[in-house]
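Q: The following block contains the structure, expressed as structure tokens.
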Amino acid sequence: MESIAQALQQAQRRIEQALAQAGRAPGSAALLAVSKTQPAAAVRAALAAGQHAFGENYVQEALAKMEALADCRARIEWHLIGPLQSNKTRAVAEAFDWVHAVDRLKIAERLAEQRPSGLAPLQLCLQVNVSGEASKSGVAPAGLPALARAVAALPRERVVLRGLMGIPAPAEGEAAQRAPHRLLRELMAGLAAELPGLDTLSMGMSADLEAAVAEGATLVRVGTAIFGAR
Ligand SMILES: *Cc1c(COP(=O)(O)O)cnc(C)c1O
């Protein structure tokens, strides 16, 4: 069986190949290792192999894993990529470095209020519903500019809006996979005049990372291809 170190290398190779094919600069898309449902030992193995950014979906599971990995805290960047309910914002504001799935102002406001002042600002992405009816989570494209404006106006010492995140409905074939990623890229380009600091397109997973990188992904969220099936 392939080791986690080998799988990480393979995922990095896929990203670099896709960057080269798209004429993008080497290293211009980073790998987020999605460690949901994986034990702390798997995160430790990935960390030993040089991976530092990890994505988790479930707050309780993530908090337990963080506790088991407290000795490595300074070397890990923890990203919450799953949905966030308002009753969990305090724990998230206190424990994570990034939150990807913000889709309501109320959540961002609570995170800003609850981010401890001794920590670096929490980095936020807005989740956009890029697949229309197929998905219920994420802000609708029409509602994005107003939400982005409001989140960007929150105190920057507590939360910083970095970009957009998409979870397209599964699709087969390059054209179908690229369309929702292209939409996300175009939506971010549409915000650039007003919000020039946005630099993160969180899109692409194990099955469609090439399509996402071709459309400009800067942060690719890969679970299965690194840690195996869940
Ligand atoms: C689980 C998950 C991933 C990783 O998916 P894989 O197909 O295992 O690579 C990426 N993003 C989100 C939001 C997820 O929930």
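Residues are named by chain letter and number: chains run A, B, ... in the order of the structure tokens, numbers start at 1 in each chain, and ligands are numbered from 1 in the order shown.
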Within 10 Å of ligand 1, which residues of chain A show up? Give each one with its shortest atom-to-atom distance in Å (one decimal) and the two atoms involved, counting only C-alpha atoms and all ligand atoms, rows by chain then rising residue number, as JSON lines.
A:
{"residue": "A:Leu32", "atom": "CA", "partner": "ligand 1", "partner_atom_place_in_ligand_line": "10 (C)", "distance": 8.6}
{"residue": "A:Ala33", "atom": "CA", "partner": "ligand 1", "partner_atom_place_in_ligand_line": "4 (C)", "distance": 8.0}
{"residue": "A:Val34", "atom": "CA", "partner": "ligand 1", "partner_atom_place_in_ligand_line": "4 (C)", "distance": 5.5}
{"residue": "A:Ser35", "atom": "CA", "partner": "ligand 1", "partner_atom_place_in_ligand_line": "1 (C)", "distance": 8.2}
{"residue": "A:Lys36", "atom": "CA", "partner": "ligand 1", "partner_atom_place_in_ligand_line": "1 (C)", "distance": 6.8}
{"residue": "A:Thr37", "atom": "CA", "partner": "ligand 1", "partner_atom_place_in_ligand_line": "1 (C)", "distance": 9.1}
{"residue": "A:Gly55", "atom": "CA", "partner": "ligand 1", "partner_atom_place_in_ligand_line": "10 (C)", "distance": 7.8}
{"residue": "A:Glu56", "atom": "CA", "partner": "ligand 1", "partner_atom_place_in_ligand_line": "15 (O)", "distance": 7.8}
{"residue": "A:Asn57", "atom": "CA", "partner": "ligand 1", "partner_atom_place_in_ligand_line": "15 (O)", "distance": 5.9}
{"residue": "A:Tyr58", "atom": "CA", "partner": "ligand 1", "partner_atom_place_in_ligand_line": "15 (O)", "distance": 9.2}
{"residue": "A:Leu80", "atom": "CA", "partner": "ligand 1", "partner_atom_place_in_ligand_line": "13 (C)", "distance": 8.7}
{"residue": "A:Ile81", "atom": "CA", "partner": "ligand 1", "partner_atom_place_in_ligand_line": "13 (C)", "distance": 5.0}
{"residue": "A:Gly82", "atom": "CA", "partner": "ligand 1", "partner_atom_place_in_ligand_line": "13 (C)", "distance": 5.5}
{"residue": "A:Pro83", "atom": "CA", "partner": "ligand 1", "partner_atom_place_in_ligand_line": "13 (C)", "distance": 8.3}
{"residue": "A:His100", "atom": "CA", "partner": "ligand 1", "partner_atom_place_in_ligand_line": "13 (C)", "distance": 8.3}
{"residue": "A:Ala101", "atom": "CA", "partner": "ligand 1", "partner_atom_place_in_ligand_line": "13 (C)", "distance": 8.0}
{"residue": "A:Gln127", "atom": "CA", "partner": "ligand 1", "partner_atom_place_in_ligand_line": "13 (C)", "distance": 9.6}
{"residue": "A:Met165", "atom": "CA", "partner": "ligand 1", "partner_atom_place_in_ligand_line": "13 (C)", "distance": 8.6}
{"residue": "A:Gly166", "atom": "CA", "partner": "ligand 1", "partner_atom_place_in_ligand_line": "13 (C)", "distance": 8.0}
{"residue": "A:Ile167", "atom": "CA", "partner": "ligand 1", "partner_atom_place_in_ligand_line": "13 (C)", "distance": 6.2}
{"residue": "A:Pro168", "atom": "CA", "partner": "ligand 1", "partner_atom_place_in_ligand_line": "13 (C)", "distance": 9.7}
{"residue": "A:Pro170", "atom": "CA", "partner": "ligand 1", "partner_atom_place_in_ligand_line": "7 (O)", "distance": 9.7}
{"residue": "A:Ser202", "atom": "CA", "partner": "ligand 1", "partner_atom_place_in_ligand_line": "11 (N)", "distance": 8.8}
{"residue": "A:Met203", "atom": "CA", "partner": "ligand 1", "partner_atom_place_in_ligand_line": "11 (N)", "distance": 7.8}
{"residue": "A:Gly204", "atom": "CA", "partner": "ligand 1", "partner_atom_place_in_ligand_line": "10 (C)", "distance": 7.2}
{"residue": "A:Met205", "atom": "CA", "partner": "ligand 1", "partner_atom_place_in_ligand_line": "9 (O)", "distance": 4.2}
{"residue": "A:Ser206", "atom": "CA", "partner": "ligand 1", "partner_atom_place_in_ligand_line": "9 (O)", "distance": 3.7}
{"residue": "A:Ala207", "atom": "CA", "partner": "ligand 1", "partner_atom_place_in_ligand_line": "7 (O)", "distance": 6.0}
{"residue": "A:Asp208", "atom": "CA", "partner": "ligand 1", "partner_atom_place_in_ligand_line": "7 (O)", "distance": 8.5}
{"residue": "A:Leu209", "atom": "CA", "partner": "ligand 1", "partner_atom_place_in_ligand_line": "9 (O)", "distance": 8.6}
{"residue": "A:Val220", "atom": "CA", "partner": "ligand 1", "partner_atom_place_in_ligand_line": "10 (C)", "distance": 7.9}
{"residue": "A:Arg221", "atom": "CA", "partner": "ligand 1", "partner_atom_place_in_ligand_line": "10 (C)", "distance": 4.6}
{"residue": "A:Val222", "atom": "CA", "partner": "ligand 1", "partner_atom_place_in_ligand_line": "9 (O)", "distance": 3.7}
{"residue": "A:Gly223", "atom": "CA", "partner": "ligand 1", "partner_atom_place_in_ligand_line": "8 (O)", "distance": 3.5}
{"residue": "A:Thr224", "atom": "CA", "partner": "ligand 1", "partner_atom_place_in_ligand_line": "8 (O)", "distance": 3.7}
{"residue": "A:Ala225", "atom": "CA", "partner": "ligand 1", "partner_atom_place_in_ligand_line": "9 (O)", "distance": 6.0}
{"residue": "A:Ile226", "atom": "CA", "partner": "ligand 1", "partner_atom_place_in_ligand_line": "9 (O)", "distance": 7.8}
{"residue": "A:Phe227", "atom": "CA", "partner": "ligand 1", "partner_atom_place_in_ligand_line": "8 (O)", "distance": 8.2}
{"residue": "A:Gly228", "atom": "CA", "partner": "ligand 1", "partner_atom_place_in_ligand_line": "8 (O)", "distance": 7.9}
{"residue": "A:Ala229", "atom": "CA", "partner": "ligand 1", "partner_atom_place_in_ligand_line": "8 (O)", "distance": 7.3}
{"residue": "A:Arg230", "atom": "CA", "partner": "ligand 1", "partner_atom_place_in_ligand_line": "8 (O)", "distance": 7.6}
Q: When DSSP is applied to the backbone of this structure, which of region 37-74 of chain A are assigned strand (DSSP E)? Write them out as an MDAnalysis selection string.
A: chainID A and resid 53:56
Q: May I ask for the distance between CA of Ala153 (chain A) and CA of Ile76 (chain A), given in Å to one decimal place?
A: 27.9 Å
Q: Give the answer as one residue: which of A:Leu69, A:Leu154, A:Leu191, A:Leu63 has the shortest atom-to-atom distance to Lys106 (chain A), using only C-alpha atoms?
A: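 Nearest to Lys106 (chain A): A:Leu154.
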Q: Do a neighbour search on region 182-189 of chain A at 12 Å with only C-alpha atoms, toss out local chain neighbours closer than 5 positions, and write the hits as a short mmCIF file (atom, residue, chain, number, x, y, z; two decimals) with C-alpha atoms, in the first residue's frame.
A:
data_model
loop_
_atom_site.label_atom_id
_atom_site.label_comp_id
_atom_site.auth_asym_id
_atom_site.auth_seq_id
_atom_site.Cartn_x
_atom_site.Cartn_y
_atom_site.Cartn_z
CA CYS A 125 -13.61 32.36 2.54
CA LEU A 126 -17.20 32.76 1.43
CA GLN A 127 -18.82 29.58 0.18
CA VAL A 128 -20.71 30.19 -3.04
CA ASN A 129 -23.41 27.90 -4.36
CA VAL A 130 -21.86 27.22 -7.77
CA SER A 131 -24.17 24.35 -8.75
CA GLY A 132 -27.57 26.03 -8.43
CA GLY A 138 -23.38 28.56 -0.04
CA VAL A 139 -24.52 32.05 -0.86
CA ALA A 140 -26.23 32.42 -4.26
CA PRO A 141 -24.05 34.25 -6.80
CA ALA A 142 -26.53 37.15 -6.83
CA GLY A 143 -26.11 37.63 -3.08
CA LEU A 144 -22.32 37.40 -3.08
CA PRO A 145 -21.30 41.06 -3.62
CA ALA A 148 -18.50 40.06 0.57
CA LEU A 161 -11.79 37.98 3.95
CA ARG A 162 -9.42 36.05 1.68
CA GLY A 163 -11.59 34.69 -1.12
CA LEU A 164 -14.21 32.21 -2.25
CA MET A 165 -14.85 28.50 -1.81
CA GLY A 166 -16.91 26.18 -3.97
CA ILE A 167 -18.15 22.60 -3.68
CA PRO A 168 -19.61 21.76 -7.10
CA GLU A 174 -13.29 18.07 -18.03
CA ALA A 175 -15.79 20.56 -19.46
CA ALA A 176 -18.49 19.73 -16.91
CA GLN A 177 -15.95 19.81 -14.06
CA GLU A 194 -14.01 46.75 -4.89
CA LEU A 195 -12.08 44.24 -2.78
CA PRO A 196 -8.55 44.06 -4.20
CA GLY A 197 -7.14 41.97 -1.34
CA LEU A 198 -8.90 38.73 -2.28
CA ASP A 199 -6.32 36.11 -3.27
CA THR A 200 -7.80 32.69 -2.48
CA LEU A 201 -9.90 30.39 -4.64
CA SER A 202 -10.56 27.28 -2.53
CA MET A 203 -11.75 24.74 -5.09
CA GLY A 204 -10.98 21.26 -6.34
CA ALA A 211 -10.13 21.07 -13.57
CA ALA A 212 -9.97 23.41 -10.56
CA VAL A 213 -6.30 24.29 -11.11
CA ALA A 214 -7.01 24.91 -14.80
CA GLU A 215 -9.59 27.49 -13.70
CA GLY A 216 -7.35 29.23 -11.19
CA ALA A 217 -7.64 27.36 -7.87
CA THR A 218 -5.08 28.57 -5.32
#
Q: When DSSP works through the backbone of this structure, what residues of region 2-75 of chain A end up as helix (DSSP H, G or I), shown as a ChimeraX atom specification?
A: /A:4-21,40-48,59-68,70-75
Q: Can you tell me, as a compact mmCIF listing (two decimals) with N, CA and C atoms, in the first residue's frame, what residues are no more than 7 Å from region 112-121 of chain A when counting only C-alpha atoms, ignoring any on the same chain fewer than 3 positions away?
A:
# COMPACT_ATOMS: atom_id res chain seq x y z
N ARG A 90 -17.95 30.05 18.59
CA ARG A 90 -16.94 30.42 19.58
C ARG A 90 -15.78 29.43 19.57
N ALA A 93 -13.76 30.03 16.46
CA ALA A 93 -12.99 31.28 16.52
C ALA A 93 -11.76 31.12 17.41
N GLU A 94 -11.87 30.24 18.40
CA GLU A 94 -10.75 30.07 19.33
C GLU A 94 -9.71 29.07 18.85
N ALA A 108 -20.08 35.31 10.17
CA ALA A 108 -18.83 36.09 10.13
C ALA A 108 -18.78 37.10 11.27
N GLU A 109 -19.92 37.70 11.58
CA GLU A 109 -19.97 38.66 12.69
C GLU A 109 -19.63 37.98 14.02
N LEU A 154 -15.80 43.99 8.38
CA LEU A 154 -15.64 43.60 9.79
C LEU A 154 -14.20 43.92 10.23
N PRO A 155 -13.98 44.04 11.54
CA PRO A 155 -12.64 44.44 12.03
C PRO A 155 -11.54 43.48 11.55
N ARG A 156 -10.59 44.05 10.84
CA ARG A 156 -9.55 43.22 10.20
C ARG A 156 -8.54 42.64 11.17
N GLU A 157 -8.53 43.13 12.40
CA GLU A 157 -7.64 42.48 13.37
C GLU A 157 -8.29 41.19 13.90
N ARG A 158 -9.57 40.97 13.55
CA ARG A 158 -10.26 39.74 13.99
C ARG A 158 -10.52 38.76 12.85
N VAL A 159 -11.00 39.28 11.73
CA VAL A 159 -11.28 38.39 10.58
C VAL A 159 -10.84 39.10 9.29
N VAL A 160 -10.27 38.31 8.38
CA VAL A 160 -9.83 38.84 7.09
C VAL A 160 -10.48 38.01 5.97
